[in-house]
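As provided, run_29.cif (mmCIF, C-alpha atoms) reads as follows.
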```
data_structure
loop_
_atom_site.group_PDB
_atom_site.id
_atom_site.type_symbol
_atom_site.label_atom_id
_atom_site.label_comp_id
_atom_site.auth_asym_id
_atom_site.auth_seq_id
_atom_site.Cartn_x
_atom_site.Cartn_y
_atom_site.Cartn_z
ATOM 1 C CA MET A 22 0.000 0.000 0.000
ATOM 2 C CA ALA A 23 1.408 3.375 -1.002
ATOM 3 C CA ASN A 24 1.606 5.938 1.801
ATOM 4 C CA LYS A 25 0.160 3.467 4.206
ATOM 5 C CA ILE A 26 -0.214 4.196 7.912
ATOM 6 C CA ASN A 27 2.589 2.722 10.027
ATOM 7 C CA THR A 28 1.255 3.215 13.558
ATOM 8 C CA ILE A 29 -2.258 3.509 14.940
ATOM 9 C CA GLY A 30 -3.629 4.138 18.404
ATOM 10 C CA ILE A 31 -6.748 2.832 20.096
ATOM 11 C CA LEU A 32 -8.750 4.169 23.025
ATOM 12 C CA THR A 33 -12.096 3.630 24.725
ATOM 13 C CA SER A 34 -14.037 6.694 25.807
ATOM 14 C CA GLY A 35 -17.141 7.546 27.824
ATOM 15 C CA GLY A 36 -19.126 4.801 29.542
ATOM 16 C CA ASP A 37 -17.699 1.290 29.450
ATOM 17 C CA ALA A 38 -19.651 -1.446 27.683
ATOM 18 C CA PRO A 39 -19.323 -5.256 27.603
ATOM 19 C CA GLY A 40 -17.651 -6.245 24.345
ATOM 20 C CA MET A 41 -15.211 -3.340 24.197
ATOM 21 C CA ASN A 42 -12.353 -5.754 24.889
ATOM 22 C CA ALA A 43 -13.392 -7.895 21.926
ATOM 23 C CA ALA A 44 -13.214 -4.805 19.720
ATOM 24 C CA ILE A 45 -9.809 -3.804 21.122
ATOM 25 C CA ARG A 46 -8.519 -7.332 20.525
ATOM 26 C CA ALA A 47 -9.736 -7.334 16.928
ATOM 27 C CA VAL A 48 -8.267 -3.898 16.148
ATOM 28 C CA VAL A 49 -4.877 -4.879 17.548
ATOM 29 C CA ARG A 50 -4.613 -8.231 15.824
ATOM 30 C CA LYS A 51 -6.009 -7.076 12.464
ATOM 31 C CA ALA A 52 -3.715 -4.043 12.375
ATOM 32 C CA ILE A 53 -0.696 -6.195 13.207
ATOM 33 C CA SER A 54 -1.670 -8.610 10.440
ATOM 34 C CA ASN A 55 -1.653 -5.594 8.099
ATOM 35 C CA GLY A 56 1.907 -4.755 9.136
ATOM 36 C CA VAL A 57 0.885 -1.796 11.300
ATOM 37 C CA LYS A 58 2.088 -1.068 14.843
ATOM 38 C CA VAL A 59 -0.513 -0.443 17.572
ATOM 39 C CA LYS A 60 -0.362 1.767 20.648
ATOM 40 C CA GLY A 61 -2.969 1.555 23.392
ATOM 41 C CA ILE A 62 -4.095 4.782 25.033
ATOM 42 C CA LYS A 63 -5.300 4.333 28.587
ATOM 43 C CA LYS A 64 -8.248 6.205 30.174
ATOM 44 C CA GLY A 65 -9.685 7.670 26.976
ATOM 45 C CA TYR A 66 -8.970 11.224 25.888
ATOM 46 C CA GLN A 67 -7.779 12.073 29.405
ATOM 47 C CA GLY A 68 -5.119 9.400 29.087
ATOM 48 C CA LEU A 69 -4.142 10.781 25.677
ATOM 49 C CA LEU A 70 -3.568 14.230 27.166
ATOM 50 C CA ASN A 71 -1.607 12.619 30.019
ATOM 51 C CA GLU A 72 0.424 10.563 27.508
ATOM 52 C CA GLU A 73 -0.608 7.241 29.075
ATOM 53 C CA ILE A 74 0.371 5.383 25.927
ATOM 54 C CA VAL A 75 1.688 1.805 25.704
ATOM 55 C CA ASP A 76 2.827 -0.464 22.888
ATOM 56 C CA MET A 77 0.478 -3.350 22.141
ATOM 57 C CA ASP A 78 1.075 -6.667 20.433
ATOM 58 C CA ALA A 79 -1.007 -9.782 19.839
ATOM 59 C CA ARG A 80 -0.231 -11.051 23.339
ATOM 60 C CA SER A 81 -1.432 -7.788 24.903
ATOM 61 C CA VAL A 82 -5.027 -8.792 24.159
ATOM 62 C CA SER A 83 -4.805 -12.493 25.029
ATOM 63 C CA ASP A 84 -7.446 -13.777 27.448
ATOM 64 C CA THR A 85 -9.503 -10.569 27.241
ATOM 65 C CA ILE A 86 -12.436 -11.322 24.935
ATOM 66 C CA GLN A 87 -14.547 -12.774 27.770
ATOM 67 C CA ARG A 88 -13.936 -9.874 30.164
ATOM 68 C CA GLY A 89 -16.394 -7.043 30.742
ATOM 69 C CA GLY A 90 -15.403 -3.395 30.888
ATOM 70 C CA THR A 91 -12.328 -2.210 29.003
ATOM 71 C CA ILE A 92 -8.711 -3.238 29.555
ATOM 72 C CA LEU A 93 -7.615 0.235 28.429
ATOM 73 C CA GLY A 94 -9.812 2.006 30.957
ATOM 74 C CA THR A 95 -12.020 4.990 30.254
ATOM 75 C CA ALA A 96 -12.691 8.435 31.671
ATOM 76 C CA ARG A 97 -14.571 11.651 30.957
ATOM 77 C CA CYS A 98 -12.380 14.557 29.836
ATOM 78 C CA MET A 99 -13.667 18.121 29.902
ATOM 79 C CA GLU A 100 -10.339 19.525 28.683
ATOM 80 C CA PHE A 101 -10.658 17.640 25.412
ATOM 81 C CA LYS A 102 -13.861 19.504 24.611
ATOM 82 C CA THR A 103 -11.781 22.676 24.175
ATOM 83 C CA GLU A 104 -9.851 23.643 21.041
ATOM 84 C CA ALA A 105 -6.640 23.824 23.080
ATOM 85 C CA GLY A 106 -7.200 20.320 24.456
ATOM 86 C CA GLN A 107 -7.881 18.918 20.997
ATOM 87 C CA GLN A 108 -4.746 20.514 19.557
ATOM 88 C CA LYS A 109 -2.732 19.135 22.474
ATOM 89 C CA GLY A 110 -4.146 15.664 21.792
ATOM 90 C CA ALA A 111 -3.186 15.859 18.117
ATOM 91 C CA ASP A 112 0.312 17.068 19.014
ATOM 92 C CA ILE A 113 0.753 14.135 21.399
ATOM 93 C CA CYS A 114 -0.352 11.719 18.667
ATOM 94 C CA HIS A 115 2.248 13.199 16.325
ATOM 95 C CA LYS A 116 4.898 13.026 19.068
ATOM 96 C CA HIS A 117 4.273 9.280 19.531
ATOM 97 C CA GLY A 118 4.076 8.580 15.809
ATOM 98 C CA ILE A 119 0.344 7.818 15.915
ATOM 99 C CA GLU A 120 -1.012 8.539 12.444
ATOM 100 C CA GLY A 121 -4.457 7.019 12.944
ATOM 101 C CA LEU A 122 -6.746 6.432 15.908
ATOM 102 C CA VAL A 123 -9.604 4.030 16.585
ATOM 103 C CA VAL A 124 -12.070 5.447 19.124
ATOM 104 C CA ILE A 125 -14.580 3.101 20.767
ATOM 105 C CA GLY A 126 -17.473 4.939 22.414
ATOM 106 C CA GLY A 127 -20.636 6.939 21.808
ATOM 107 C CA ASP A 128 -21.607 10.261 20.268
ATOM 108 C CA GLY A 129 -19.384 12.333 22.570
ATOM 109 C CA SER A 130 -16.411 10.132 21.710
ATOM 110 C CA TYR A 131 -17.125 10.627 18.005
ATOM 111 C CA ARG A 132 -17.004 14.391 18.417
ATOM 112 C CA GLY A 133 -13.537 14.026 19.905
ATOM 113 C CA ALA A 134 -12.489 11.826 16.985
ATOM 114 C CA GLN A 135 -13.920 14.376 14.569
ATOM 115 C CA ALA A 136 -11.826 17.100 16.197
ATOM 116 C CA LEU A 137 -8.634 15.046 15.924
ATOM 117 C CA SER A 138 -9.389 14.398 12.259
ATOM 118 C CA ARG A 139 -9.483 18.161 11.677
ATOM 119 C CA HIS A 140 -6.022 18.332 13.238
ATOM 120 C CA GLY A 141 -4.561 15.771 10.858
ATOM 121 C CA ILE A 142 -5.052 12.493 12.732
ATOM 122 C CA ASN A 143 -6.956 9.842 10.780
ATOM 123 C CA THR A 144 -9.813 8.640 12.991
ATOM 124 C CA ILE A 145 -12.350 5.816 12.935
ATOM 125 C CA GLY A 146 -15.167 5.436 15.467
ATOM 126 C CA ILE A 147 -16.690 2.180 16.694
ATOM 127 C CA PRO A 148 -20.101 2.333 18.465
ATOM 128 C CA GLY A 149 -19.530 1.243 22.048
ATOM 129 C CA THR A 150 -22.496 2.019 24.302
ATOM 130 C CA ILE A 151 -25.139 -0.049 26.086
ATOM 131 C CA ASP A 152 -27.761 2.589 25.227
ATOM 132 C CA LEU A 153 -28.252 1.637 21.528
ATOM 133 C CA ASP A 154 -28.690 5.363 20.872
ATOM 134 C CA ILE A 155 -26.391 5.884 17.863
ATOM 135 C CA ALA A 156 -28.606 6.542 14.858
ATOM 136 C CA CYS A 157 -26.322 5.321 12.083
ATOM 137 C CA THR A 158 -26.167 1.743 13.357
ATOM 138 C CA ASP A 159 -28.652 -0.975 14.277
ATOM 139 C CA TYR A 160 -26.196 -2.358 16.847
ATOM 140 C CA THR A 161 -23.942 -0.871 19.495
ATOM 141 C CA ILE A 162 -21.376 -2.833 21.474
ATOM 142 C CA GLY A 163 -22.680 -3.757 24.926
ATOM 143 C CA PHE A 164 -26.417 -3.446 24.369
ATOM 144 C CA ASP A 165 -27.080 -7.173 24.097
ATOM 145 C CA THR A 166 -25.227 -7.977 27.314
ATOM 146 C CA ALA A 167 -26.791 -5.067 29.205
ATOM 147 C CA VAL A 168 -30.346 -5.868 28.156
ATOM 148 C CA ASN A 169 -29.919 -9.533 29.094
ATOM 149 C CA THR A 170 -28.432 -8.576 32.473
ATOM 150 C CA ALA A 171 -31.384 -6.273 33.117
ATOM 151 C CA MET A 172 -33.930 -8.851 31.940
ATOM 152 C CA GLN A 173 -32.583 -11.497 34.321
ATOM 153 C CA ALA A 174 -32.571 -9.076 37.245
ATOM 154 C CA ILE A 175 -36.137 -7.977 36.499
ATOM 155 C CA ASP A 176 -37.297 -11.605 36.437
ATOM 156 C CA LYS A 177 -35.977 -11.994 39.977
ATOM 157 C CA VAL A 178 -37.659 -8.824 41.224
ATOM 158 C CA ARG A 179 -40.894 -9.911 39.580
ATOM 159 C CA ASP A 180 -40.849 -13.184 41.493
ATOM 160 C CA THR A 181 -40.785 -11.447 44.867
ATOM 161 C CA SER A 182 -43.205 -8.737 43.708
ATOM 162 C CA SER A 183 -45.719 -11.419 42.782
ATOM 163 C CA SER A 184 -45.270 -13.206 46.105
ATOM 164 C CA HIS A 185 -46.040 -10.024 48.046
ATOM 165 C CA GLU A 186 -48.699 -8.766 45.607
ATOM 166 C CA ARG A 187 -46.794 -5.535 45.098
ATOM 167 C CA CYS A 188 -46.390 -2.973 42.389
ATOM 168 C CA SER A 189 -42.738 -2.789 41.290
ATOM 169 C CA ILE A 190 -41.037 0.052 39.451
ATOM 170 C CA ILE A 191 -37.717 -1.055 37.994
ATOM 171 C CA GLU A 192 -35.450 1.608 36.555
ATOM 172 C CA VAL A 193 -33.050 0.594 33.793
ATOM 173 C CA MET A 194 -30.193 2.513 32.184
ATOM 174 C CA GLY A 195 -30.092 4.126 28.752
ATOM 175 C CA ARG A 196 -29.529 7.846 29.422
ATOM 176 C CA ASN A 197 -32.103 9.660 27.258
ATOM 177 C CA ALA A 198 -32.856 6.606 25.098
ATOM 178 C CA GLY A 199 -35.545 4.052 25.905
ATOM 179 C CA TYR A 200 -34.263 0.966 24.083
ATOM 180 C CA ILE A 201 -33.234 -1.023 27.171
ATOM 181 C CA ALA A 202 -36.572 -0.170 28.785
ATOM 182 C CA LEU A 203 -38.533 -1.131 25.660
ATOM 183 C CA TRP A 204 -36.773 -4.455 25.172
ATOM 184 C CA CYS A 205 -37.006 -5.386 28.857
ATOM 185 C CA GLY A 206 -40.608 -4.233 29.050
ATOM 186 C CA VAL A 207 -41.587 -6.639 26.285
ATOM 187 C CA ALA A 208 -39.253 -9.472 27.361
ATOM 188 C CA ASN A 209 -40.290 -9.275 31.032
ATOM 189 C CA GLY A 210 -44.007 -8.858 30.382
ATOM 190 C CA ALA A 211 -44.322 -5.454 32.041
ATOM 191 C CA GLU A 212 -47.725 -3.858 32.501
ATOM 192 C CA ASP A 213 -46.316 -0.354 31.885
ATOM 193 C CA ILE A 214 -43.188 0.762 30.007
ATOM 194 C CA LEU A 215 -42.048 4.357 30.413
ATOM 195 C CA LEU A 216 -39.806 5.648 27.617
ATOM 196 C CA PRO A 217 -38.292 9.149 27.392
ATOM 197 C CA GLU A 218 -39.270 9.324 23.725
ATOM 198 C CA LYS A 219 -42.936 8.481 24.395
ATOM 199 C CA TYR A 220 -43.895 9.197 28.016
ATOM 200 C CA ASP A 221 -46.395 12.034 28.517
ATOM 201 C CA TYR A 222 -45.892 12.188 32.328
ATOM 202 C CA ASN A 223 -49.551 11.330 32.917
ATOM 203 C CA GLU A 224 -49.041 9.448 36.170
ATOM 204 C CA GLN A 225 -52.782 9.192 36.731
ATOM 205 C CA GLU A 226 -53.030 6.904 33.720
ATOM 206 C CA ILE A 227 -50.543 4.522 35.329
ATOM 207 C CA ILE A 228 -52.487 4.620 38.598
ATOM 208 C CA ASN A 229 -55.733 3.881 36.751
ATOM 209 C CA ASN A 230 -54.061 0.976 34.975
ATOM 210 C CA ILE A 231 -52.863 -0.506 38.270
ATOM 211 C CA ILE A 232 -56.334 -0.258 39.829
ATOM 212 C CA ARG A 233 -57.971 -1.669 36.696
ATOM 213 C CA ASN A 234 -55.608 -4.641 36.618
ATOM 214 C CA ARG A 235 -56.094 -5.327 40.321
ATOM 215 C CA LYS A 236 -59.862 -5.494 39.751
ATOM 216 C CA LYS A 237 -59.222 -7.990 36.950
ATOM 217 C CA GLY A 238 -57.437 -10.215 39.454
ATOM 218 C CA LYS A 239 -53.796 -9.385 38.710
ATOM 219 C CA THR A 240 -51.829 -9.744 41.927
ATOM 220 C CA HIS A 241 -48.811 -7.678 40.925
ATOM 221 C CA HIS A 242 -47.908 -4.841 38.553
ATOM 222 C CA LEU A 243 -44.556 -4.325 36.853
ATOM 223 C CA ILE A 244 -43.456 -0.926 35.570
ATOM 224 C CA ILE A 245 -40.215 -0.583 33.606
ATOM 225 C CA ASN A 246 -38.947 2.979 33.908
ATOM 226 C CA ALA A 247 -36.155 4.373 31.725
ATOM 227 C CA GLU A 248 -33.257 6.275 33.250
ATOM 228 C CA GLY A 249 -34.126 9.301 31.128
ATOM 229 C CA ILE A 250 -37.368 9.637 33.114
ATOM 230 C CA GLY A 251 -35.976 8.573 36.489
ATOM 231 C CA HIS A 252 -37.415 9.569 39.894
ATOM 232 C CA SER A 253 -38.540 5.983 40.461
ATOM 233 C CA THR A 254 -38.473 6.197 44.260
ATOM 234 C CA SER A 255 -40.707 9.269 44.489
ATOM 235 C CA MET A 256 -42.974 7.810 41.811
ATOM 236 C CA ALA A 257 -43.359 4.654 43.912
ATOM 237 C CA ARG A 258 -44.393 6.717 46.945
ATOM 238 C CA ARG A 259 -47.026 8.594 44.943
ATOM 239 C CA ILE A 260 -48.446 5.432 43.397
ATOM 240 C CA GLU A 261 -48.666 3.685 46.773
ATOM 241 C CA ALA A 262 -50.450 6.698 48.283
ATOM 242 C CA ALA A 263 -52.915 6.831 45.395
ATOM 243 C CA THR A 264 -53.664 3.093 45.122
ATOM 244 C CA GLY A 265 -53.107 1.745 48.627
ATOM 245 C CA ILE A 266 -50.977 -0.995 47.043
ATOM 246 C CA GLU A 267 -47.468 -1.541 48.364
ATOM 247 C CA THR A 268 -45.090 -0.170 45.720
ATOM 248 C CA ARG A 269 -41.337 -0.610 45.632
ATOM 249 C CA ALA A 270 -38.702 0.975 43.372
ATOM 250 C CA THR A 271 -35.566 -0.856 42.263
ATOM 251 C CA ILE A 272 -32.814 0.967 40.373
ATOM 252 C CA LEU A 273 -30.611 -1.571 38.599
ATOM 253 C CA GLY A 274 -27.823 0.933 37.946
ATOM 254 C CA TYR A 275 -24.288 0.112 36.887
ATOM 255 C CA MET A 276 -24.663 -3.649 37.132
ATOM 256 C CA GLN A 277 -26.016 -3.368 33.588
ATOM 257 C CA ARG A 278 -22.600 -2.252 32.312
ATOM 258 C CA GLY A 279 -20.701 -5.143 33.847
ATOM 259 C CA GLY A 280 -20.334 -8.833 33.288
ATOM 260 C CA SER A 281 -18.967 -11.114 30.625
ATOM 261 C CA PRO A 282 -20.248 -10.082 27.166
ATOM 262 C CA THR A 283 -22.707 -12.264 25.305
ATOM 263 C CA CYS A 284 -21.731 -14.147 22.148
ATOM 264 C CA LYS A 285 -23.451 -11.476 20.041
ATOM 265 C CA ASP A 286 -21.502 -8.654 21.658
ATOM 266 C CA ARG A 287 -18.222 -10.533 21.288
ATOM 267 C CA TYR A 288 -18.874 -11.431 17.652
ATOM 268 C CA TYR A 289 -20.178 -8.087 16.412
ATOM 269 C CA ALA A 290 -17.476 -6.178 18.306
ATOM 270 C CA SER A 291 -14.802 -8.415 16.778
ATOM 271 C CA ILE A 292 -15.995 -7.840 13.209
ATOM 272 C CA MET A 293 -16.413 -4.100 13.802
ATOM 273 C CA GLY A 294 -12.915 -3.879 15.286
ATOM 274 C CA ALA A 295 -11.341 -5.695 12.355
ATOM 275 C CA TYR A 296 -13.322 -3.565 9.887
ATOM 276 C CA ALA A 297 -12.196 -0.362 11.621
ATOM 277 C CA ALA A 298 -8.551 -1.453 11.538
ATOM 278 C CA ASP A 299 -8.762 -2.256 7.831
ATOM 279 C CA ILE A 300 -10.269 1.035 6.708
ATOM 280 C CA LEU A 301 -7.972 3.029 9.005
ATOM 281 C CA CYS A 302 -4.877 1.246 7.720
ATOM 282 C CA ALA A 303 -6.102 1.954 4.185
ATOM 283 C CA GLY A 304 -6.095 5.693 4.919
ATOM 284 C CA SER A 305 -9.747 6.409 5.728
ATOM 285 C CA THR A 306 -10.523 9.108 8.264
ATOM 286 C CA ASN A 307 -13.450 10.765 10.014
ATOM 287 C CA ARG A 308 -15.540 7.599 9.645
ATOM 288 C CA VAL A 309 -17.827 5.610 11.946
ATOM 289 C CA VAL A 310 -18.279 1.851 11.664
ATOM 290 C CA GLY A 311 -21.855 0.607 11.880
ATOM 291 C CA TYR A 312 -24.103 -2.387 11.296
ATOM 292 C CA ARG A 313 -27.111 -1.776 9.089
ATOM 293 C CA HIS A 314 -29.534 -4.084 7.284
ATOM 294 C CA GLY A 315 -27.352 -7.114 7.967
ATOM 295 C CA GLU A 316 -24.062 -5.608 6.803
ATOM 296 C CA PHE A 317 -21.047 -3.941 8.408
ATOM 297 C CA VAL A 318 -20.658 -0.495 6.884
ATOM 298 C CA ASP A 319 -19.092 2.902 7.602
ATOM 299 C CA PHE A 320 -20.333 6.499 7.539
ATOM 300 C CA ASP A 321 -18.846 9.961 7.626
ATOM 301 C CA ILE A 322 -18.803 11.095 11.279
ATOM 302 C CA GLU A 323 -20.616 14.343 10.474
ATOM 303 C CA ASP A 324 -23.379 12.447 8.660
ATOM 304 C CA ALA A 325 -23.600 9.951 11.531
ATOM 305 C CA LEU A 326 -23.916 12.678 14.171
ATOM 306 C CA ALA A 327 -26.624 14.431 12.156
ATOM 307 C CA MET A 328 -28.846 11.325 12.042
ATOM 308 C CA GLN A 329 -31.801 11.046 14.428
ATOM 309 C CA LYS A 330 -32.936 7.828 16.092
ATOM 310 C CA GLU A 331 -36.461 7.210 17.318
ATOM 311 C CA ILE A 332 -38.331 4.348 18.934
ATOM 312 C CA PRO A 333 -40.036 2.428 16.090
ATOM 313 C CA GLU A 334 -43.737 3.208 16.338
ATOM 314 C CA TYR A 335 -44.862 -0.329 15.487
ATOM 315 C CA GLU A 336 -42.658 -1.835 18.206
ATOM 316 C CA PHE A 337 -43.969 0.703 20.718
ATOM 317 C CA GLN A 338 -47.591 -0.089 19.853
ATOM 318 C CA ILE A 339 -46.944 -3.820 20.143
ATOM 319 C CA SER A 340 -45.367 -3.285 23.578
ATOM 320 C CA LYS A 341 -48.579 -1.606 24.738
ATOM 321 C CA LEU A 342 -50.802 -4.279 23.210
ATOM 322 C CA LEU A 343 -48.890 -7.131 24.854
ATOM 323 C CA SER A 344 -49.156 -5.487 28.283
ATOM 324 C CA LEU A 345 -52.969 -5.663 28.336
#
```
Give the structure from this file in structure tokens form.
Amino acid sequence: MANKINTIGILTSGGDAPGMNAAIRAVVRKAISNGVKVKGIKKGYQGLLNEEIVDMDARSVSDTIQRGGTILGTARCMEFKTEAGQQKGADICHKHGIEGLVVIGGDGSYRGAQALSRHGINTIGIPGTIDLDIACTDYTIGFDTAVNTAMQAIDKVRDTSSSHERCSIIEVMGRNAGYIALWCGVANGAEDILLPEKYDYNEQEIINNIIRNRKKGKTHHLIINAEGIGHSTSMARRIEAATGIETRATILGYMQRGGSPTCKDRYYASIMGAYAADILCAGSTNRVVGYRHGEFVDFDIEDALAMQKEIPEYEFQISKLLSL
């Protein structure tokens, strides 16, 4: 390859997600197979600015594919949101001979990659977030593991809720996106599913639904509440006061980010990582890897960030129908 890249870097940024290690492993080994050196950058953009940079080889990623989290670590970095921080990051890349960078993370991570691209560093993004909120792709690394972790936890809470004839509000993660809540709501047979994209904050409707179902003979009521709505504990108090039915709130929290990744997360992350390494080594820049309509593809970062993602209306209507 003429004018090929000789050295690339890789970092994980923002929230960790199960499957990130599979992507790191694939990037490292595919780049090495292309004759390209790889440097790992620890703790995301903060680690880049601190020059926490290490050489990586095929052995560096041995025995990592089954591990949750990220072996490179991750952190938020306010300094990198500034022009001065971005220029500093690009200068450090040049200093260490890093000509291209693979960034695994979400929308905020892509904006950092976009900035580095403007400063002459070839960049490729890989979607790593449990929230499934990146519009250009049907899949994001970590979602499958997170939604299965949440589903299993909700099953357990439902067992005890049924035994005590309670109403249970279970809050799942997802930031301002309702995909984890939607999937768990359907998979766990919830009576109410509250999504940031759809919820009208009519709490009386939920109360009426609980009372109506109790009159039908239902002995428990399960509400899946998305993180973007939140306030599950105060909601539980209001519902109990209005219905007279014992109501408990459970916030699943960061357990959804942990654990060994599922086969799907490992497989998709591996193919995405290899794909990212290939197009980066070939000289592409300012691109985002995605999975759409059954194929692994890539998009311009600006186009990807401009896309909007919504809850599919048909899936939302089916979730309501199945809860009757």
Name the residues captured by the PyMOL selection byres ((chain A and resi 332) around 10) when it is applied to the shown file; answer as a VMD selection string.
chain A and resid 154 198 to 200 203 216 to 219 330 to 331 333 to 337
Just the selected residues (C-alpha atoms), exported as a short mmCIF file (atom, residue, chain, number, x, y, z; two decimals), in the coordinates of the input, please.
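Output file selection33.cif follows:
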```cif
data_model
loop_
_atom_site.label_atom_id
_atom_site.label_comp_id
_atom_site.auth_asym_id
_atom_site.auth_seq_id
_atom_site.Cartn_x
_atom_site.Cartn_y
_atom_site.Cartn_z
CA ASP A 154 -28.69 5.36 20.87
CA ALA A 198 -32.86 6.61 25.10
CA GLY A 199 -35.54 4.05 25.90
CA TYR A 200 -34.26 0.97 24.08
CA LEU A 203 -38.53 -1.13 25.66
CA LEU A 216 -39.81 5.65 27.62
CA PRO A 217 -38.29 9.15 27.39
CA GLU A 218 -39.27 9.32 23.72
CA LYS A 219 -42.94 8.48 24.40
CA LYS A 330 -32.94 7.83 16.09
CA GLU A 331 -36.46 7.21 17.32
CA PRO A 333 -40.04 2.43 16.09
CA GLU A 334 -43.74 3.21 16.34
CA TYR A 335 -44.86 -0.33 15.49
CA GLU A 336 -42.66 -1.84 18.21
CA PHE A 337 -43.97 0.70 20.72
#
```
Report as a PyMOL selection string the residues that result from applying the PyMOL selection byres ((chain A and resi 188) around 8) to the structure here.
chain A and resi 182+186-187+189-190+241-244+266-269
Cut-off 12 Å: closest stretch 278-337 of chain A/stretch 91-113 of chain A atom pairs per residue, using all atoms listed in the file, as CSV:
```
residue,atom,partner,partner_atom,distance
A:Arg278,CA,A:Thr91,CA,10.8
A:Gly279,CA,A:Thr91,CA,10.1
A:Gly280,CA,A:Thr91,CA,11.2
A:Ser281,CA,A:Thr91,CA,11.2
A:Pro282,CA,A:Thr91,CA,11.3
```
Writing out the chosen residues with C-alpha atoms as a PDB file, keeping the file's coordinate frame:
```
ATOM      1  CA  ARG A 278     -22.600  -2.252  32.312  1.00  0.00           C
ATOM      2  CA  GLY A 279     -20.701  -5.143  33.847  1.00  0.00           C
ATOM      3  CA  GLY A 280     -20.334  -8.833  33.288  1.00  0.00           C
ATOM      4  CA  SER A 281     -18.967 -11.114  30.625  1.00  0.00           C
ATOM      5  CA  PRO A 282     -20.248 -10.082  27.166  1.00  0.00           C
TER       6      PRO A 282
END
```
Could you check which of A:Asn307, A:Thr161, A:Thr85, A:Gln135 is closest to A:Ala290, using all atoms listed in the file?
A:Thr161
Separation of atom CA of A:Gly121 from atom CA of A:Leu153, in Å and rounded to one decimal
25.9 Å
I'd like the residues picked by the PyMOL selection byres ((chain A and resi 144) around 9) written out as number ranges by chain, using the chain letters and numbers from the file.
A: 120-124, 134-135, 137-138, 142-143, 145-146, 301, 305-309
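Counting from atom CA of A:Met77, the distance to atom CA of A:Ile125 is 16.4 Å.
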Provide the atom CA of A:Gly265 to atom CA of A:Ser184 distance in Å, to one decimal place.
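Going from atom CA of A:Gly265 over to atom CA of A:Ser184 covers 17.1 Å.
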Is it possible to get the axis-aligned box enclosing stretch 117-125 of chain A (all listed atoms, 8 Å extra per side) as lines of an AutoDock Vina configuration file, with centre and edge lengths in Å rounded to one decimal?
```
center_x = -5.2
center_y = 6.2
center_z = 16.6
size_x = 34.9
size_y = 22.2
size_z = 24.3
```
A:Gly118 surroundings by all atoms listed in the file, 9 Å radius, close-in-sequence under 4 positions cut, as a PyMOL selection string:
chain A and resi 27-29+113-114
Just-selected residues, C-alpha atoms written as a PDB file, in the coordinates of the input:
```
ATOM      1  CA  ASN A  27       2.589   2.722  10.027  1.00  0.00           C
ATOM      2  CA  THR A  28       1.255   3.215  13.558  1.00  0.00           C
ATOM      3  CA  ILE A  29      -2.258   3.509  14.940  1.00  0.00           C
ATOM      4  CA  ILE A 113       0.753  14.135  21.399  1.00  0.00           C
ATOM      5  CA  CYS A 114      -0.352  11.719  18.667  1.00  0.00           C
TER       6      CYS A 114
END
```
